[in-house]
Number of protein chains: 2
Amino acid sequence: MGVGCSSSSFSLSLPNHHCFSSTLNHPKSTSTFILPTNNYSHFHQPSRKFLMNSPPKCGSRSIPEIKTTTQQSLVKTPMSDPHTIDSELLQKLVYDALVWSSLHGLVVGDRNVQRSGSTPGVGLVHAPIALLPNSFPESHWNQACELAPIFNELVDRVSLDGKFLQDTLSRTKKVDAFTSRLLDIHSRMLQIGKKEDIRLGLHRSDYMLDENTNLLLQIELNTISCSFSGLSCLVSDLHRSLLSQYNKHLGVESGRIPTNNSASKFAEVLAKAWKEYNNPSAVVMVVVQPEERNMYDQHWLGTTLTEKYPFPLINTHNVRTIRKTLAEIDAHGKTLSDGTLVVDSETVAVIYFRAGYAPTDYPSESEWKARLLMEESSAIKCPSISYHLTGTKKVQQELAKPNVLERFLENKDDIAKLRACFAGLWSLDDSNAVKNAIEQPGGFVMKPQREGGGNNIYGDEVKETLVRLQKEGSEEEAAYILMQRIFPKVFPTLLVREGICYKEEAISELGVFSAYLRNNEKVIINDQCGYLMRTKVSSSNEGGVAAGFAVLDSLYLT
Amino acid sequence: MGVGCSSSSFSLSLPNHHCFSSTLNHPKSTSTFILPTNNYSHFHQPSRKFLMNSPPKCGSRSIPEIKTTTQQSLVKTPMSDPHTIDSELLQKLVYDALVWSSLHGLVVGDRNVQRSGSTPGVGLVHAPIALLPNSFPESHWNQACELAPIFNELVDRVSLDGKFLQDTLSRTKKVDAFTSRLLDIHSRMLQIGKKEDIRLGLHRSDYMLDENTNLLLQIELNTISCSFSGLSCLVSDLHRSLLSQYNKHLGVESGRIPTNNSASKFAEVLAKAWKEYNNPSAVVMVVVQPEERNMYDQHWLGTTLTEKYPFPLINTHNVRTIRKTLAEIDAHGKTLSDGTLVVDSETVAVIYFRAGYAPTDYPSESEWKARLLMEESSAIKCPSISYHLTGTKKVQQELAKPNVLERFLENKDDIAKLRACFAGLWSLDDSNAVKNAIEQPGGFVMKPQREGGGNNIYGDEVKETLVRLQKEGSEEEAAYILMQRIFPKVFPTLLVREGICYKEEAISELGVFSAYLRNNEKVIINDQCGYLMRTKVSSSNEGGVAAGFAVLDSLYLT
């Protein structure tokens, strides 16, 4: 449940943690799509090359020869440097990408249209996208895929160790009211001996490729409300379509884009969980925010669930979904004596959280009551409170300590694989780490445990904050963890937003979706489920404000 | 090439010709989607019931029992009177319809967003739709389907009789500058002995069901730029999806919605025409208006053409499409000595007109030069100038005269079938018809031959205009035809526009798409290609202004 990669928040922002010195707050509003326009315009607009400041010439789709052929420029191919693509070809690619997105539901609510977060069908705009996929080493891709089931298993094992979770988060509890409330619910479940017989996780593990070490390093593991499983597969389809259509001009193979069935896989897993619950009239309940401009990402799962998965899987029964806010669940939900959760007269088989991961999702006691009600019920939770807590940064940091993984996993190969992707992670009571960070602040990021803030600390501020905390000797240090700063490769890219294409230098982050479903007897699903590539404008100004222009992307394996 | 059903214009307005007394001009702007908001709000807003003036409750998709069951109300079922549908169920249906439309590309450019007609991907809004399909007698549906290939054949035969077209339109020529320019091009082709060896027609024949006589009567036959083949099939899919999902609540069978493959059929025919041209590197050129908010309707054909049809059909060659305005074709087009049309270095195999049907499409001589250039070329035209002229209302009226069909068709059954769907059509030099119309103006509509106006004349104005024309004895009477006024059934319906659902009384019009392709040797395709149902708010005020709120609909066979 990371901040930067804030799961289902509509922010596409990548964590700034690793490559920018920045004191910029991440947008707290869940409907902010990119960093504030003001900052964006101020710092980055002047350097942008507007490729389409006038509309494309009536959308000509003719395909002329491109001037820089792959033969002529062995070093800079269109794929390795899309900035070299001939402007006429580029216009066609952009036009086609925009048409494709509009026809295939690769859309979001337009932040300029007020109703776009509440009423579907109005104020639609194509999702912000990279025009072409992002080159990525096949070996690292394979590594990330291999890690998916191991992390799934780890989450499940950790979730069962209530004492570990409570102990690990005990200091955080004192300084972070949000985590404290989650822990209260968790304690109550421990007290009443609540068991989750059927456990469902839809996770996303986020990685960056560190340029200095050439290592794939984990940024965070999201165990609640992982966003973009609905749209990211469409971006892969779009890129595949462009690459195959412009194959001759780009000199690339669309087959190098890995299969990405994120929407259908997640839908399939939700359907299988629903089947495990074994009540044909029960529903899947999606817990949503009252306003959600990323609703189509969510609707793709619901639509796929209804249209594709039920029939072969569950005879003639339709898996129906309902969407409810936490406030609505509090107002219209109850548990029966046997633990059955009933909301608006519907029995709930599976609760799929696309809200509830940030403090802002709980503006009143009503929302906390809803969360508790659900946790106490027998519905399958995605995630349970234990899974949710297992995704916190503090737990991530604890798991990175020597000999901790060994408490949960037996297979030494698996443990070695996990450890190989751990960046350096330290508590602020690790005096050695703090000393190093004060001496070399550029190599570290301070991350607040508290969710929904995104107030990562970089550069000299790391030093200043650590020195201040040492002097004050306050509990506040428990609110942070220290993390090795990752420096991903900066590469040329083409980003398309609101119908306009920008030539940019960017960095990217790979998220691997995975699903885990088990009952008391056996693991039913433990699998990788597609991926999300996010690409974000880099800032050449190390000390400046991070450009927060992030888009959906896909992989091109090299 | 009718006015009201103005082919590819973005106006969804049905012809007012047949049921409203109206002096309202149809919008001349091609980007006007419905009649002007002013009129609309002024006359009709007060009577509307806003079902969703607040956003749907967080899009709840739970499905409660509907209060009025089909058992309880045998007469008024949800399908026969959708106004009886329980409001909670209605909200779900609307929400689901809006989501479905957004995800499946059932979209148009939003008239409130400036760039929505030029840049794809921005300013998208769901297409205006009827929430549920429109009940329609199966026998009349079958009749309309049967007529499609006969009309196709008729158009082809008429198009070959240059003298008939020139003679029929000779008086119109004097009073209608637009038809006159078309006839000039046609004359020139006759002079140079231009033959179209490969002839391609993508037509739409529009019908209304007259309530008094229970006859299916043709409104007009569109031979150029028939719109909504891209979107109408999606509306059928949407309705099928809703009916099957809410089957139990609505008590209907989704199988009663006829198959509608309009987009893939038209794309298939364009691909086959392209193949006939026999040049693998040539393109299909779509002639477009500079601004087009109905672009997604057109893009569905292009996308389907590129994605689905080429491969099995034409080995490994992709059928590529380019989009050009008439002005661009004039600026960048030429014909080679052998007649090959080249635009922007691309050889054009097929010209598919989605512009060029209205006077406003020719703001300067440049556009007329482009039209002539194309007509002189060896590219396959959809339509040729002859096909275009065959679709005029004057020709429609001439064909309705006794013994005229017999000049073009041999099969007596076919002739009888065509004649059975002809409404009364008279020239203004038919003194008997004029006398009748003056005596009983309520039974007639005066339609101007001139395109792009939509200034149909109803009621007492028919009488006044006819009397005036008789007194003046001017040539102006040649600018009109007289038509029997059709009174379609008024039925209760639910229309959804801009995310809001309206309970309305409406009328509807059925358009049957058809395709005709032949070369010198044989007919390659002569087929029905799906349908377009358009439903429009009726006005209970006979003498008032027509409510111009029209939406895309589908059929439910009864």
# chains A, B, ... in the order shown; residues from 1 in each chain; ligands from 1
$ select_by_dssp --residues "stretch 363-505 of chain A" --states "alpha helix (DSSP H)" --output "PyMOL selection string"
chain A and resi 365-376+385-390+393-399+405-408+412-420+431-439+460-472
$ atom_distance --atom1 "atom CA of B:Ser159" --atom2 "atom CA of B:Asn278"
23.9 Å
$ atom_distance --atom1 "atom CA of B:Asn520" --atom2 "atom CA of B:Phe408"
17.8 Å
$ closest_atom_pairs --of "stretch 187-243 of chain B" --to "stretch 108-132 of chain B" --cutoff "12 Å" --atoms "only C-alpha atoms" --output "Markdown table"
| residue | atom | partner | partner_atom | distance |
| --- | --- | --- | --- | --- |
| B:Phe228 | CA | B:Ala127 | CA | 10.7 |
| B:Gly230 | CA | B:Val108 | CA | 11.2 |
| B:Leu231 | CA | B:Ala127 | CA | 8.4 |
| B:Ser232 | CA | B:Ile129 | CA | 9.8 |
| B:Leu234 | CA | B:Ala127 | CA | 10.2 |
| B:Val235 | CA | B:Ile129 | CA | 7.5 |
| B:Ser236 | CA | B:Leu132 | CA | 9.5 |
| B:Asp237 | CA | B:Leu132 | CA | 11.2 |
| B:Leu238 | CA | B:Leu132 | CA | 8.9 |
| B:His239 | CA | B:Leu132 | CA | 6.0 |
| B:Arg240 | CA | B:Leu132 | CA | 9.1 |
| B:Ser241 | CA | B:Leu132 | CA | 10.4 |
| B:Leu242 | CA | B:Leu132 | CA | 8.0 |
| B:Leu243 | CA | B:Leu132 | CA | 8.1 |
$ decode --residues "stretch 233-249 of chain A" --atoms "N, CA and C atoms" --output "PDB file, in the first residue's frame"
ATOM      1  N   CYS A 233      -3.827  -3.643 -19.755  1.00  0.00           N
ATOM      2  CA  CYS A 233      -3.823  -4.647 -20.827  1.00  0.00           C
ATOM      3  C   CYS A 233      -4.217  -4.006 -22.164  1.00  0.00           C
ATOM      4  N   LEU A 234      -5.062  -2.979 -22.093  1.00  0.00           N
ATOM      5  CA  LEU A 234      -5.455  -2.290 -23.322  1.00  0.00           C
ATOM      6  C   LEU A 234      -4.271  -1.534 -23.928  1.00  0.00           C
ATOM      7  N   VAL A 235      -3.422  -0.993 -23.067  1.00  0.00           N
ATOM      8  CA  VAL A 235      -2.249  -0.279 -23.585  1.00  0.00           C
ATOM      9  C   VAL A 235      -1.340  -1.258 -24.332  1.00  0.00           C
ATOM     10  N   SER A 236      -1.192  -2.443 -23.783  1.00  0.00           N
ATOM     11  CA  SER A 236      -0.397  -3.463 -24.491  1.00  0.00           C
ATOM     12  C   SER A 236      -1.032  -3.789 -25.837  1.00  0.00           C
ATOM     13  N   ASP A 237      -2.356  -3.913 -25.865  1.00  0.00           N
ATOM     14  CA  ASP A 237      -3.048  -4.202 -27.130  1.00  0.00           C
ATOM     15  C   ASP A 237      -2.865  -3.058 -28.121  1.00  0.00           C
ATOM     16  N   LEU A 238      -2.983  -1.843 -27.629  1.00  0.00           N
ATOM     17  CA  LEU A 238      -2.796  -0.673 -28.490  1.00  0.00           C
ATOM     18  C   LEU A 238      -1.396  -0.678 -29.097  1.00  0.00           C
ATOM     19  N   HIS A 239      -0.385  -0.884 -28.262  1.00  0.00           N
ATOM     20  CA  HIS A 239       0.987  -0.864 -28.766  1.00  0.00           C
ATOM     21  C   HIS A 239       1.223  -1.993 -29.776  1.00  0.00           C
ATOM     22  N   ARG A 240       0.653  -3.135 -29.486  1.00  0.00           N
ATOM     23  CA  ARG A 240       0.783  -4.266 -30.405  1.00  0.00           C
ATOM     24  C   ARG A 240       0.146  -3.914 -31.751  1.00  0.00           C
ATOM     25  N   SER A 241      -1.007  -3.263 -31.682  1.00  0.00           N
ATOM     26  CA  SER A 241      -1.700  -2.869 -32.908  1.00  0.00           C
ATOM     27  C   SER A 241      -0.870  -1.859 -33.709  1.00  0.00           C
ATOM     28  N   LEU A 242      -0.306  -0.865 -33.039  1.00  0.00           N
ATOM     29  CA  LEU A 242       0.508   0.132 -33.746  1.00  0.00           C
ATOM     30  C   LEU A 242       1.760  -0.502 -34.337  1.00  0.00           C
ATOM     31  N   LEU A 243       2.413  -1.340 -33.539  1.00  0.00           N
ATOM     32  CA  LEU A 243       3.653  -1.960 -34.012  1.00  0.00           C
ATOM     33  C   LEU A 243       3.398  -2.875 -35.200  1.00  0.00           C
ATOM     34  N   SER A 244       2.254  -3.547 -35.185  1.00  0.00           N
ATOM     35  CA  SER A 244       2.039  -4.451 -36.313  1.00  0.00           C
ATOM     36  C   SER A 244       1.588  -3.657 -37.539  1.00  0.00           C
ATOM     37  N   GLN A 245       0.869  -2.569 -37.317  1.00  0.00           N
ATOM     38  CA  GLN A 245       0.430  -1.768 -38.455  1.00  0.00           C
ATOM     39  C   GLN A 245       1.597  -0.987 -39.076  1.00  0.00           C
ATOM     40  N   TYR A 246       2.484  -0.500 -38.233  1.00  0.00           N
ATOM     41  CA  TYR A 246       3.612   0.317 -38.726  1.00  0.00           C
ATOM     42  C   TYR A 246       4.925  -0.468 -38.657  1.00  0.00           C
ATOM     43  N   ASN A 247       4.783  -1.751 -38.687  1.00  0.00           N
ATOM     44  CA  ASN A 247       5.902  -2.670 -38.632  1.00  0.00           C
ATOM     45  C   ASN A 247       7.066  -2.289 -39.544  1.00  0.00           C
ATOM     46  N   LYS A 248       6.725  -2.001 -40.802  1.00  0.00           N
ATOM     47  CA  LYS A 248       7.786  -1.700 -41.767  1.00  0.00           C
ATOM     48  C   LYS A 248       8.527  -0.409 -41.431  1.00  0.00           C
ATOM     49  N   HIS A 249       7.788   0.541 -40.894  1.00  0.00           N
ATOM     50  CA  HIS A 249       8.391   1.846 -40.634  1.00  0.00           C
ATOM     51  C   HIS A 249       9.165   1.877 -39.335  1.00  0.00           C
TER      52      HIS A 249
END
